[in-house]
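Engineer: Supplied structure: my_file-v1.cif, mmCIF, C-alpha atoms and all ligand atoms.
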data_run
loop_
_atom_site.group_PDB
_atom_site.id
_atom_site.type_symbol
_atom_site.label_atom_id
_atom_site.label_comp_id
_atom_site.auth_asym_id
_atom_site.auth_seq_id
_atom_site.Cartn_x
_atom_site.Cartn_y
_atom_site.Cartn_z
ATOM 1 C CA MET R 1 0.000 0.000 0.000
ATOM 2 C CA ARG R 2 1.502 3.332 -1.030
ATOM 3 C CA PRO R 3 1.455 6.099 1.561
ATOM 4 C CA VAL R 4 -0.996 8.944 1.853
ATOM 5 C CA VAL R 5 -0.223 12.611 2.454
ATOM 6 C CA VAL R 6 -2.868 14.672 4.211
ATOM 7 C CA LYS R 7 -2.776 18.446 4.330
ATOM 8 C CA ILE R 8 -4.742 20.028 7.122
ATOM 9 C CA GLY R 9 -5.778 23.609 6.509
ATOM 10 C CA GLY R 10 -5.899 26.489 8.919
ATOM 11 C CA GLY R 11 -9.661 26.412 9.193
ATOM 12 C CA THR R 12 -9.848 22.674 9.886
ATOM 13 C CA LEU R 13 -6.990 22.222 12.340
ATOM 14 C CA ALA R 14 -9.326 21.493 15.211
ATOM 15 C CA ALA R 15 -12.329 20.025 13.432
ATOM 16 C CA GLY R 16 -12.081 16.388 14.439
ATOM 17 C CA THR R 17 -10.406 15.143 11.251
ATOM 18 C CA LEU R 18 -7.643 13.580 13.270
ATOM 19 C CA GLU R 19 -10.132 11.162 14.807
ATOM 20 C CA ASP R 20 -10.163 9.298 11.476
ATOM 21 C CA LEU R 21 -6.453 8.574 11.711
ATOM 22 C CA PRO R 22 -6.301 5.656 14.177
ATOM 23 C CA GLY R 23 -8.582 3.656 11.871
ATOM 24 C CA ILE R 24 -6.638 4.582 8.741
ATOM 25 C CA LEU R 25 -3.316 3.709 10.352
ATOM 26 C CA GLY R 26 -4.807 0.501 11.717
ATOM 27 C CA SER R 27 -5.303 -0.689 8.129
ATOM 28 C CA GLY R 28 -1.525 -0.480 7.643
ATOM 29 C CA ARG R 29 -1.430 2.793 5.704
ATOM 30 C CA LYS R 30 1.505 5.108 6.155
ATOM 31 C CA VAL R 31 0.285 8.665 6.629
ATOM 32 C CA ALA R 32 2.205 11.933 6.686
ATOM 33 C CA LEU R 33 0.451 15.092 7.775
ATOM 34 C CA VAL R 34 1.357 18.518 6.494
ATOM 35 C CA HIS R 35 -0.311 21.485 8.131
ATOM 36 C CA GLY R 36 -0.898 25.143 7.446
ATOM 37 C CA GLY R 37 -1.821 27.607 10.111
ATOM 38 C CA GLY R 38 -2.096 30.873 8.203
ATOM 39 C CA PRO R 39 -4.882 32.377 10.327
ATOM 40 C CA ARG R 40 -2.869 31.719 13.508
ATOM 41 C CA LEU R 41 0.203 33.323 11.971
ATOM 42 C CA THR R 42 -1.788 36.347 10.834
ATOM 43 C CA ARG R 43 -3.153 36.832 14.369
ATOM 44 C CA MET R 44 0.334 36.604 15.857
ATOM 45 C CA LEU R 45 1.707 39.063 13.283
ATOM 46 C CA ASP R 46 -1.175 41.454 14.040
ATOM 47 C CA SER R 47 -0.384 41.349 17.732
ATOM 48 C CA LEU R 48 3.236 42.215 16.901
ATOM 49 C CA GLY R 49 2.182 45.067 14.615
ATOM 50 C CA ILE R 50 3.469 43.347 11.453
ATOM 51 C CA THR R 51 1.314 43.840 8.357
ATOM 52 C CA THR R 52 0.179 40.818 6.334
ATOM 53 C CA ARG R 53 0.089 40.878 2.543
ATOM 54 C CA PHE R 54 -0.806 38.125 0.063
ATOM 55 C CA HIS R 55 -0.029 37.717 -3.632
ATOM 56 C CA GLU R 56 -2.081 35.061 -5.475
ATOM 57 C CA GLY R 57 -2.748 33.338 -2.175
ATOM 58 C CA LEU R 58 0.927 33.348 -1.127
ATOM 59 C CA ARG R 59 2.053 35.297 1.927
ATOM 60 C CA VAL R 60 4.650 37.965 1.171
ATOM 61 C CA THR R 61 7.328 37.071 3.740
ATOM 62 C CA ASP R 62 10.002 39.500 4.931
ATOM 63 C CA ALA R 63 12.674 38.446 7.434
ATOM 64 C CA ARG R 64 10.534 39.320 10.487
ATOM 65 C CA THR R 65 7.497 37.539 9.099
ATOM 66 C CA LEU R 66 9.638 34.473 8.428
ATOM 67 C CA GLU R 67 10.883 34.480 12.012
ATOM 68 C CA VAL R 68 7.342 34.566 13.349
ATOM 69 C CA ALA R 69 6.147 32.032 10.748
ATOM 70 C CA GLU R 70 8.754 29.558 11.951
ATOM 71 C CA MET R 71 7.699 30.146 15.570
ATOM 72 C CA VAL R 72 4.039 29.595 14.814
ATOM 73 C CA PHE R 73 4.224 26.831 12.195
ATOM 74 C CA ALA R 74 7.154 24.775 13.482
ATOM 75 C CA GLY R 75 6.315 25.721 17.080
ATOM 76 C CA SER R 76 2.842 26.047 18.505
ATOM 77 C CA VAL R 77 0.767 24.668 15.601
ATOM 78 C CA ASN R 78 3.076 21.735 14.907
ATOM 79 C CA LYS R 79 3.456 20.721 18.550
ATOM 80 C CA ALA R 80 -0.267 21.006 19.285
ATOM 81 C CA LEU R 81 -1.063 18.705 16.358
ATOM 82 C CA ALA R 82 1.484 16.109 17.452
ATOM 83 C CA ARG R 83 0.063 16.244 20.997
ATOM 84 C CA GLU R 84 -3.463 15.866 19.683
ATOM 85 C CA LEU R 85 -2.451 12.758 17.762
ATOM 86 C CA GLY R 86 -0.739 11.424 20.863
ATOM 87 C CA ALA R 87 -3.955 11.885 22.807
ATOM 88 C CA LEU R 88 -5.717 9.746 20.198
ATOM 89 C CA GLY R 89 -3.154 6.992 20.776
ATOM 90 C CA VAL R 90 -1.224 7.791 17.585
ATOM 91 C CA PRO R 91 2.537 8.204 18.128
ATOM 92 C CA ALA R 92 3.520 11.344 16.217
ATOM 93 C CA ALA R 93 6.572 13.550 15.791
ATOM 94 C CA GLY R 94 6.335 17.169 14.711
ATOM 95 C CA ILE R 95 9.088 18.187 12.330
ATOM 96 C CA SER R 96 9.708 21.148 10.070
ATOM 97 C CA GLY R 97 10.435 20.746 6.378
ATOM 98 C CA THR R 98 13.910 22.087 7.226
ATOM 99 C CA ASP R 99 14.594 19.049 9.448
ATOM 100 C CA GLY R 100 16.397 16.254 7.681
ATOM 101 C CA PRO R 101 16.408 18.472 5.623
ATOM 102 C CA THR R 102 13.232 17.167 4.041
ATOM 103 C CA LEU R 103 12.064 20.052 1.830
ATOM 104 C CA LEU R 104 14.724 21.831 -0.220
ATOM 105 C CA VAL R 105 13.576 25.114 -1.749
ATOM 106 C CA GLU R 106 14.518 27.903 -4.091
ATOM 107 C CA PRO R 107 13.332 31.450 -3.406
ATOM 108 C CA VAL R 108 10.191 32.586 -5.233
ATOM 109 C CA GLN R 109 10.755 35.893 -7.065
ATOM 110 C CA ASP R 110 9.475 39.056 -5.347
ATOM 111 C CA LEU R 111 7.850 37.385 -2.332
ATOM 112 C CA GLY R 112 10.802 37.635 0.086
ATOM 113 C CA ARG R 113 11.475 34.513 2.132
ATOM 114 C CA VAL R 114 8.994 32.337 0.281
ATOM 115 C CA GLY R 115 10.347 29.101 -1.120
ATOM 116 C CA GLU R 116 9.304 26.713 -3.836
ATOM 117 C CA VAL R 117 10.197 23.082 -3.195
ATOM 118 C CA VAL R 118 12.720 21.850 -5.755
ATOM 119 C CA ARG R 119 13.724 18.618 -4.048
ATOM 120 C CA VAL R 120 12.383 16.293 -1.380
ATOM 121 C CA GLU R 121 14.610 14.126 0.785
ATOM 122 C CA PRO R 122 12.180 11.579 2.247
ATOM 123 C CA ARG R 123 14.693 9.899 4.564
ATOM 124 C CA LEU R 124 13.542 11.420 7.858
ATOM 125 C CA ILE R 125 9.897 10.719 7.000
ATOM 126 C CA GLU R 126 10.770 7.110 6.164
ATOM 127 C CA VAL R 127 12.729 6.662 9.389
ATOM 128 C CA LEU R 128 9.691 7.855 11.359
ATOM 129 C CA TRP R 129 7.376 5.546 9.417
ATOM 130 C CA ALA R 130 9.738 2.622 9.998
ATOM 131 C CA GLY R 131 9.424 3.325 13.719
ATOM 132 C CA GLY R 132 5.641 3.453 13.562
ATOM 133 C CA ILE R 133 5.542 7.213 14.078
ATOM 134 C CA VAL R 134 3.361 9.622 12.103
ATOM 135 C CA PRO R 135 5.330 12.606 10.791
ATOM 136 C CA VAL R 136 3.628 15.978 11.190
ATOM 137 C CA VAL R 137 5.372 18.428 8.873
ATOM 138 C CA ALA R 138 5.428 22.208 9.263
ATOM 139 C CA PRO R 139 5.463 24.095 5.946
ATOM 140 C CA LEU R 140 8.991 25.458 5.871
ATOM 141 C CA GLY R 141 11.868 24.514 3.620
ATOM 142 C CA LEU R 142 15.620 24.911 3.543
ATOM 143 C CA GLY R 143 17.040 27.320 0.963
ATOM 144 C CA PRO R 144 20.145 29.408 0.257
ATOM 145 C CA GLU R 145 19.587 31.752 3.231
ATOM 146 C CA GLY R 146 18.136 29.312 5.740
ATOM 147 C CA ALA R 147 14.454 28.694 6.356
ATOM 148 C CA TYR R 148 11.815 29.736 3.839
ATOM 149 C CA ASN R 149 8.049 29.891 4.151
ATOM 150 C CA VAL R 150 6.408 27.340 1.853
ATOM 151 C CA ASN R 151 2.708 27.385 1.090
ATOM 152 C CA ALA R 152 1.380 24.351 2.924
ATOM 153 C CA ASP R 153 -0.601 23.032 -0.056
ATOM 154 C CA ALA R 154 2.537 23.189 -2.211
ATOM 155 C CA ALA R 155 4.610 21.575 0.548
ATOM 156 C CA ALA R 156 2.106 18.733 0.836
ATOM 157 C CA ALA R 157 2.044 18.174 -2.935
ATOM 158 C CA ALA R 158 5.835 18.109 -3.155
ATOM 159 C CA LEU R 159 6.057 15.711 -0.235
ATOM 160 C CA ALA R 160 3.407 13.471 -1.782
ATOM 161 C CA VAL R 161 5.448 13.220 -4.989
ATOM 162 C CA GLY R 162 8.682 12.801 -3.004
ATOM 163 C CA VAL R 163 7.427 9.826 -0.983
ATOM 164 C CA GLY R 164 5.557 8.241 -3.899
ATOM 165 C CA ALA R 165 2.151 8.669 -2.291
ATOM 166 C CA GLU R 166 -0.989 7.167 -3.778
ATOM 167 C CA HIS R 167 -3.240 9.990 -2.611
ATOM 168 C CA LEU R 168 -2.922 13.589 -1.556
ATOM 169 C CA PHE R 169 -5.870 14.830 0.463
ATOM 170 C CA LEU R 170 -6.155 18.588 0.805
ATOM 171 C CA LEU R 171 -8.508 19.154 3.719
ATOM 172 C CA THR R 172 -10.029 22.587 3.759
ATOM 173 C CA ASP R 173 -13.089 24.482 4.991
ATOM 174 C CA VAL R 174 -15.157 24.172 1.787
ATOM 175 C CA ASP R 175 -16.513 21.142 -0.099
ATOM 176 C CA GLY R 176 -13.971 21.386 -2.948
ATOM 177 C CA LEU R 177 -13.530 23.736 -5.893
ATOM 178 C CA LEU R 178 -16.956 25.337 -5.786
ATOM 179 C CA ARG R 179 -18.933 26.604 -8.769
ATOM 180 C CA GLU R 180 -22.374 28.027 -8.047
ATOM 181 C CA GLY R 181 -22.111 26.593 -4.568
ATOM 182 C CA LYS R 182 -21.378 23.021 -5.659
ATOM 183 C CA ALA R 183 -18.071 21.172 -5.779
ATOM 184 C CA ILE R 184 -16.790 20.355 -9.271
ATOM 185 C CA PRO R 185 -16.419 16.541 -8.969
ATOM 186 C CA ALA R 186 -13.296 15.972 -11.077
ATOM 187 C CA LEU R 187 -10.638 17.903 -12.969
ATOM 188 C CA ALA R 188 -7.683 16.988 -15.142
ATOM 189 C CA PRO R 189 -4.495 18.766 -13.996
ATOM 190 C CA GLU R 190 -4.344 20.855 -17.165
ATOM 191 C CA GLU R 191 -7.782 22.301 -16.391
ATOM 192 C CA CYS R 192 -6.695 23.827 -13.077
ATOM 193 C CA GLU R 193 -4.869 26.908 -14.359
ATOM 194 C CA GLY R 194 -7.933 27.908 -16.386
ATOM 195 C CA TYR R 195 -9.988 28.220 -13.211
ATOM 196 C CA VAL R 196 -7.313 30.451 -11.719
ATOM 197 C CA GLU R 197 -7.255 32.656 -14.829
ATOM 198 C CA ASP R 198 -11.039 32.981 -15.104
ATOM 199 C CA GLY R 199 -11.200 33.903 -11.419
ATOM 200 C CA LEU R 200 -13.369 31.008 -10.210
ATOM 201 C CA ALA R 201 -10.535 29.999 -7.890
ATOM 202 C CA ALA R 202 -9.338 32.916 -5.777
ATOM 203 C CA GLY R 203 -7.347 33.485 -2.586
ATOM 204 C CA GLY R 204 -6.212 30.298 -0.867
ATOM 205 C CA MET R 205 -7.864 28.153 -3.554
ATOM 206 C CA VAL R 206 -5.212 29.298 -6.079
ATOM 207 C CA PRO R 207 -2.184 27.590 -4.464
ATOM 208 C CA LYS R 208 -4.435 24.668 -3.545
ATOM 209 C CA LEU R 209 -5.461 23.992 -7.156
ATOM 210 C CA ARG R 210 -1.901 24.490 -8.394
ATOM 211 C CA ALA R 211 -0.622 22.069 -5.750
ATOM 212 C CA ALA R 212 -3.248 19.499 -6.645
ATOM 213 C CA ALA R 213 -2.332 19.800 -10.330
ATOM 214 C CA GLU R 214 1.357 19.373 -9.501
ATOM 215 C CA ALA R 215 0.670 16.212 -7.510
ATOM 216 C CA ALA R 216 -1.637 14.861 -10.227
ATOM 217 C CA ARG R 217 1.072 15.386 -12.860
ATOM 218 C CA GLY R 218 3.302 13.317 -10.577
ATOM 219 C CA GLY R 219 0.867 10.399 -10.783
ATOM 220 C CA ILE R 220 -0.968 11.069 -7.536
ATOM 221 C CA GLU R 221 -4.716 11.292 -7.058
ATOM 222 C CA ALA R 222 -5.286 14.622 -5.352
ATOM 223 C CA ARG R 223 -8.598 15.366 -3.704
ATOM 224 C CA ILE R 224 -9.788 18.610 -2.127
ATOM 225 C CA ILE R 225 -12.264 17.744 0.621
ATOM 226 C CA ASN R 226 -14.067 19.454 3.464
ATOM 227 C CA GLY R 227 -12.220 18.644 6.678
ATOM 228 C CA ASN R 228 -15.060 20.089 8.729
ATOM 229 C CA ARG R 229 -17.272 17.160 7.746
ATOM 230 C CA LYS R 230 -16.950 14.317 10.206
ATOM 231 C CA GLY R 231 -15.517 11.160 8.665
ATOM 232 C CA ALA R 232 -14.589 12.899 5.396
ATOM 233 C CA LEU R 233 -10.988 11.716 5.415
ATOM 234 C CA ALA R 234 -11.847 8.113 6.279
ATOM 235 C CA GLY R 235 -14.522 8.141 3.572
ATOM 236 C CA ALA R 236 -12.206 9.576 0.939
ATOM 237 C CA ILE R 237 -9.492 6.995 1.683
ATOM 238 C CA ALA R 238 -12.123 4.278 1.475
ATOM 239 C CA GLY R 239 -12.902 5.497 -2.058
ATOM 240 C CA GLU R 240 -15.918 7.771 -1.587
ATOM 241 C CA ARG R 241 -16.140 10.312 -4.376
ATOM 242 C CA ILE R 242 -16.425 13.425 -2.284
ATOM 243 C CA GLY R 243 -14.982 16.875 -2.906
ATOM 244 C CA THR R 244 -12.982 17.651 -6.040
ATOM 245 C CA LEU R 245 -10.669 15.028 -7.542
ATOM 246 C CA ILE R 246 -7.668 16.217 -9.564
ATOM 247 C CA SER R 247 -6.044 13.352 -11.441
ATOM 248 C CA GLU R 248 -4.291 12.468 -14.703
ATOM 249 C CA GLY R 249 -7.004 9.882 -15.147
ATOM 250 C CA VAL R 250 -9.711 12.530 -15.566
ATOM 251 C CA VAL R 251 -10.541 13.392 -19.176
ATOM 252 C CA ALA R 252 -10.676 17.187 -19.588
HETATM 253 P P1 LIG I 301 -6.845 26.250 3.849
HETATM 254 O O1 LIG I 301 -6.492 26.770 5.203
HETATM 255 O O2 LIG I 301 -7.628 24.993 3.897
HETATM 256 O O3 LIG I 301 -5.669 26.191 2.912
HETATM 257 P P2 LIG I 301 -7.643 28.606 2.353
HETATM 258 O O4 LIG I 301 -8.418 29.706 2.998
HETATM 259 O O5 LIG I 301 -6.226 28.865 2.071
HETATM 260 O O6 LIG I 301 -7.882 27.310 3.252
HETATM 261 O O7 LIG I 301 -8.339 28.190 0.984
HETATM 262 C C1 LIG I 301 -9.707 27.833 0.945
HETATM 263 C C2 LIG I 301 -10.560 29.052 0.625
HETATM 264 O O8 LIG I 301 -10.475 29.361 -0.774
HETATM 265 C C3 LIG I 301 -12.033 28.899 0.840
HETATM 266 O O9 LIG I 301 -12.396 29.020 2.201
HETATM 267 C C4 LIG I 301 -12.609 30.019 -0.011
HETATM 268 O O10 LIG I 301 -12.714 31.196 0.751
HETATM 269 C C5 LIG I 301 -11.513 30.262 -1.064
HETATM 270 N N1 LIG I 301 -12.007 30.062 -2.426
HETATM 271 C C6 LIG I 301 -11.812 30.922 -3.457
HETATM 272 N N2 LIG I 301 -12.396 30.490 -4.576
HETATM 273 C C7 LIG I 301 -12.999 29.318 -4.279
HETATM 274 C C8 LIG I 301 -13.789 28.383 -5.035
HETATM 275 N N3 LIG I 301 -14.096 28.552 -6.329
HETATM 276 N N4 LIG I 301 -14.233 27.287 -4.395
HETATM 277 C C9 LIG I 301 -13.970 27.077 -3.089
HETATM 278 N N5 LIG I 301 -13.240 27.926 -2.326
HETATM 279 C C10 LIG I 301 -12.760 29.036 -2.896
HETATM 280 MG MG MG I 302 -4.459 27.840 2.360
#
Rewrite the coordinates I just gave you, this time as C-alpha cells.
Ligand code: ADP
Ligand code: MG
Structural biologist:
Amino acid sequence: MRPVVVKIGGGTLAAGTLEDLPGILGSGRKVALVHGGGPRLTRMLDSLGITTRFHEGLRVTDARTLEVAEMVFAGSVNKALARELGALGVPAAGISGTDGPTLLVEPVQDLGRVGEVVRVEPRLIEVLWAGGIVPVVAPLGLGPEGAYNVNADAAAAALAVGVGAEHLFLLTDVDGLLREGKAIPALAPEECEGYVEDGLAAGGMVPKLRAAAEAARGGIEARIINGNRKGALAGAIAGERIGTLISEGVVA
C-alpha cells in the first residue's frame, strides 16, 4: 500500500479530522500530515504590529514575518497537532520541512522569504514511518539563506510526490472547488490553471489547485475535501467520491 499525504488547513486544524487517523493507520497505511496555520500566523503578526500581505494566495514574507512564521508553524501549531495525535493513541513527531532536511527550496521571485520546493529528501519521513511514528510536517523549507516559508498546499504536494504517495488529500473548509455553490467533482491537472485565470478559484484556492495539479502530474490522485465534515478523510481513503478530484485519469 503506497502512503498517503494529508494536508490540514488552517480552518480545519481542530475540526475532528484527526479522529479518522487511528482507523486509517490501523489498516496499515503510512500517513504523513502537512499542516498550514495561516490564520494563527496572521493573528500573531497582528499582535506584533506586522502587516500581512498576500499575492495570489501566497504570503509575502520578509525576514521578520519568516521568524514569526517559523515560531508559529514549526512551534505552537506543529506541537499542538502532534500532541493531539498522541492523545488519540497515535505516536507522532512534529518536524519542520527544514529538518532532515526534508524540503529543499529555491526562493520565489518578489515574495521575500517564500520558497518553492525543488527537491524532497524523504529519509527522515521514512525513518519515522519505519518506527511506527506519524510525521507531522510544518510548511517550511531549507534554501540558500536558511528557512523559507512554503505554502502548505505546495509543501504537501511536493512531499506526496517525493514519498511516492498514492493519494494527496487537501482538507479545507469548503466542499472542494466550488462553482455556483457546488463542488466540481473531477478535474484533469491541465484544467486547473484555467480556473485560476477565469477567477473562479481565488485566494487560498489558487495555491491549492496548483498544488493538486502538480501532484496529479506526478501520478498522484489529489482530492480537495471538506475537513469540517466528520468522517470525510476516512470516507475519501475508502474510495468515496467526495470533494474535487484532480487526477491524470480525468478526461478534460
Ligand atoms: P486552507 O487553510 O484549507 O488552505 P484557504 O483559505 O487557504 O484554506 O483556501 C480555501 C478558501 O479558498 C475557501 O475558504 C474560499 O474562501 C476560497 N475560495 C476561493 N475560490 C474558491 C472556489 N471557487 N471554491 C472554493 N473555495 C474558494
Ligand atoms: Mg491555504
Engineer: Starting from the PyMOL selection byres (((chain R and resi 25-35) around 8) and not hetatm), expand the selection into actual residues of this file and give them as an MDAnalysis selection string.
Structural biologist: chainID R and resid 1:10 13 21:24 36:37 78 125 129 134:139 152 155:156
Engineer: Residues within 8 Å of Asp175 (chain R), please, as a VMD selection string. Count only C-alpha atoms; anything in the same chain fewer than 3 positions from it doesn't count.
Structural biologist: chain R and resid 172 178 182 to 183 224 to 226 243 to 244
Engineer: Could you name the residues that touch Glu190 (chain R) at 12 Å or less, counting all atoms listed in the file, but leaving out those on the same chain fewer than 4 positions away, as a list in words?
Structural biologist: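 These residues fall inside the cut-off: Ala186, Gly194, Tyr195, Val196, Leu209, Arg210, Ala212, Ala213, Glu214, Ala215, Ala216, Arg217, Ile246, Ser247, Glu248, Gly249, Val250, Val251 and Ala252 of chain R.
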Engineer: So how far away is atom O2 of ligand LIG 301 (chain I) from CA of Leu159 (chain R), in Å?
Structural biologist: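 That distance, rounded to one decimal, is 17.0 Å.
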Engineer: I need the output of the PyMOL selection byres (((chain R and resi 16) around 12) and not hetatm) for this file as a list in words; which residues are they?
Structural biologist: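 Going through the file, the PyMOL selection byres (((chain R and resi 16) around 12) and not hetatm) ends up selecting Ile8, Gly11, Thr12, Leu13, Ala14, Ala15, Thr17, Leu18, Glu19, Asp20, Leu21, Leu81, Glu84, Leu85, Leu88, Leu171, Asn226, Gly227, Asn228, Arg229, Lys230, Gly231, Ala232, Leu233 and Ala234 of chain R.
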Engineer: Step by step, gather every atom of region 124-130 of chain R that the file lists, find the box along x, y and z that holds them, add 3 Å on each side, and finally give centre and edge lengths in Å to one decimal, as lines of an AutoDock Vina configuration file.
Structural biologist:
center_x = 10.5
center_y = 7.0
center_z = 8.8
size_x = 12.2
size_y = 14.8
size_z = 11.2
Engineer: Please list as a PyMOL selection string every residue within 10 Å of Ala69 (chain R), counting only C-alpha atoms and excluding residues in the same chain fewer than 3 positions away.
Structural biologist: chain R and resi 37-38+40-42+44-45+61+63-66+72-75+138-140+147-149
Engineer: Next, the residues of the selection above should be written as a tab-separated table (two decimals), in the coordinates of the input with C-alpha atoms.
Structural biologist:
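This went into selection_21.tsv:
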chain	number	residue	atom	x	y	z
R	37	GLY	CA	-1.82	27.61	10.11
R	38	GLY	CA	-2.10	30.87	8.20
R	40	ARG	CA	-2.87	31.72	13.51
R	41	LEU	CA	0.20	33.32	11.97
R	42	THR	CA	-1.79	36.35	10.83
R	44	MET	CA	0.33	36.60	15.86
R	45	LEU	CA	1.71	39.06	13.28
R	61	THR	CA	7.33	37.07	3.74
R	63	ALA	CA	12.67	38.45	7.43
R	64	ARG	CA	10.53	39.32	10.49
R	65	THR	CA	7.50	37.54	9.10
R	66	LEU	CA	9.64	34.47	8.43
R	72	VAL	CA	4.04	29.60	14.81
R	73	PHE	CA	4.22	26.83	12.20
R	74	ALA	CA	7.15	24.78	13.48
R	75	GLY	CA	6.32	25.72	17.08
R	138	ALA	CA	5.43	22.21	9.26
R	139	PRO	CA	5.46	24.10	5.95
R	140	LEU	CA	8.99	25.46	5.87
R	147	ALA	CA	14.45	28.69	6.36
R	148	TYR	CA	11.82	29.74	3.84
R	149	ASN	CA	8.05	29.89	4.15
Engineer: Tell me which residues come within 12 Å of (-18.5, 28.2, -7.8), as a PyMOL selection string, counting all atoms listed in the file in the file's coordinates.
Structural biologist: chain R and resi 174-185+195+198-202+205
Engineer: For CA of Phe54 (chain R) and atom P2 of ligand LIG 301 (chain I), quote the distance in Å rounded to one decimal.
Structural biologist: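 Going from CA of Phe54 (chain R) over to atom P2 of ligand LIG 301 (chain I), I get 11.9 Å.
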Engineer: Nearest to His167 (chain R): which of R:Ile237, R:Ala188, R:Leu128, R:Ala80 is it, counting all atoms listed in the file?
Structural biologist: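 Distance minimum relative to His167 (chain R) lands on R:Ile237.
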Engineer: Dig up all the protein and nucleic acid residues within 12 Å of (14.7, 16.2, 8.8) in the file frame, using only C-alpha atoms, and format them as a short mmCIF file (atom, residue, chain, number, x, y, z; two decimals) with C-alpha atoms, in the coordinates of the input.
Structural biologist:
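File produced: out.cif:
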data_model
loop_
_atom_site.label_atom_id
_atom_site.label_comp_id
_atom_site.auth_asym_id
_atom_site.auth_seq_id
_atom_site.Cartn_x
_atom_site.Cartn_y
_atom_site.Cartn_z
CA ALA R 93 6.57 13.55 15.79
CA GLY R 94 6.34 17.17 14.71
CA ILE R 95 9.09 18.19 12.33
CA SER R 96 9.71 21.15 10.07
CA GLY R 97 10.44 20.75 6.38
CA THR R 98 13.91 22.09 7.23
CA ASP R 99 14.59 19.05 9.45
CA GLY R 100 16.40 16.25 7.68
CA PRO R 101 16.41 18.47 5.62
CA THR R 102 13.23 17.17 4.04
CA LEU R 103 12.06 20.05 1.83
CA LEU R 104 14.72 21.83 -0.22
CA VAL R 120 12.38 16.29 -1.38
CA GLU R 121 14.61 14.13 0.78
CA PRO R 122 12.18 11.58 2.25
CA ARG R 123 14.69 9.90 4.56
CA LEU R 124 13.54 11.42 7.86
CA ILE R 125 9.90 10.72 7.00
CA GLU R 126 10.77 7.11 6.16
CA VAL R 127 12.73 6.66 9.39
CA LEU R 128 9.69 7.86 11.36
CA PRO R 135 5.33 12.61 10.79
CA VAL R 136 3.63 15.98 11.19
CA VAL R 137 5.37 18.43 8.87
CA ALA R 138 5.43 22.21 9.26
CA LEU R 140 8.99 25.46 5.87
CA GLY R 141 11.87 24.51 3.62
CA LEU R 142 15.62 24.91 3.54
#
Engineer: May I ask which of the residues R:Ile133, R:Ala82, R:Ile242, R:Leu58 is the closest one to ligand LIG 301 (chain I), counting all atoms listed in the file?
Structural biologist: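 The answer is R:Leu58, which sits nearest to ligand LIG 301 (chain I).
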Engineer: Calculate how many Å separate CA of Leu245 (chain R) from CA of Gly219 (chain R), rounding to one decimal.
Structural biologist: 12.8 Å
Engineer: Go through R:Val77, R:Leu170, R:Val60, R:Met71 one by one, measure the shortest atom-to-atom distance of each to ligand LIG 301 (chain I) using only C-alpha atoms and all ligand atoms, and give the residue with the smallest value.
Structural biologist: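 For ligand LIG 301 (chain I), the nearest of the candidates is R:Leu170.
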Engineer: Counting only C-alpha atoms and all ligand atoms, figure out which residue out of R:Glu56, R:Asp173, R:Glu193, R:Glu116 gets nearest to ligand LIG 301 (chain I).
Structural biologist: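 Closest residue, counting only C-alpha atoms and all ligand atoms: R:Asp173.
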Engineer: Taking into account only C-alpha atoms and all ligand atoms, which residue in the set R:Arg113, R:Arg241, R:Lys79, R:Lys208 is nearest to ligand LIG 301 (chain I)?
Structural biologist: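 Checking each of R:Arg113, R:Arg241, R:Lys79, R:Lys208 against ligand LIG 301 (chain I), counting only C-alpha atoms and all ligand atoms, the winner is R:Lys208.
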Engineer: Smallest atom-to-atom distance to Val150 (chain R): which of R:Val163, R:Ile220, R:Val90, R:Gly57, using only C-alpha atoms?
Structural biologist: R:Gly57
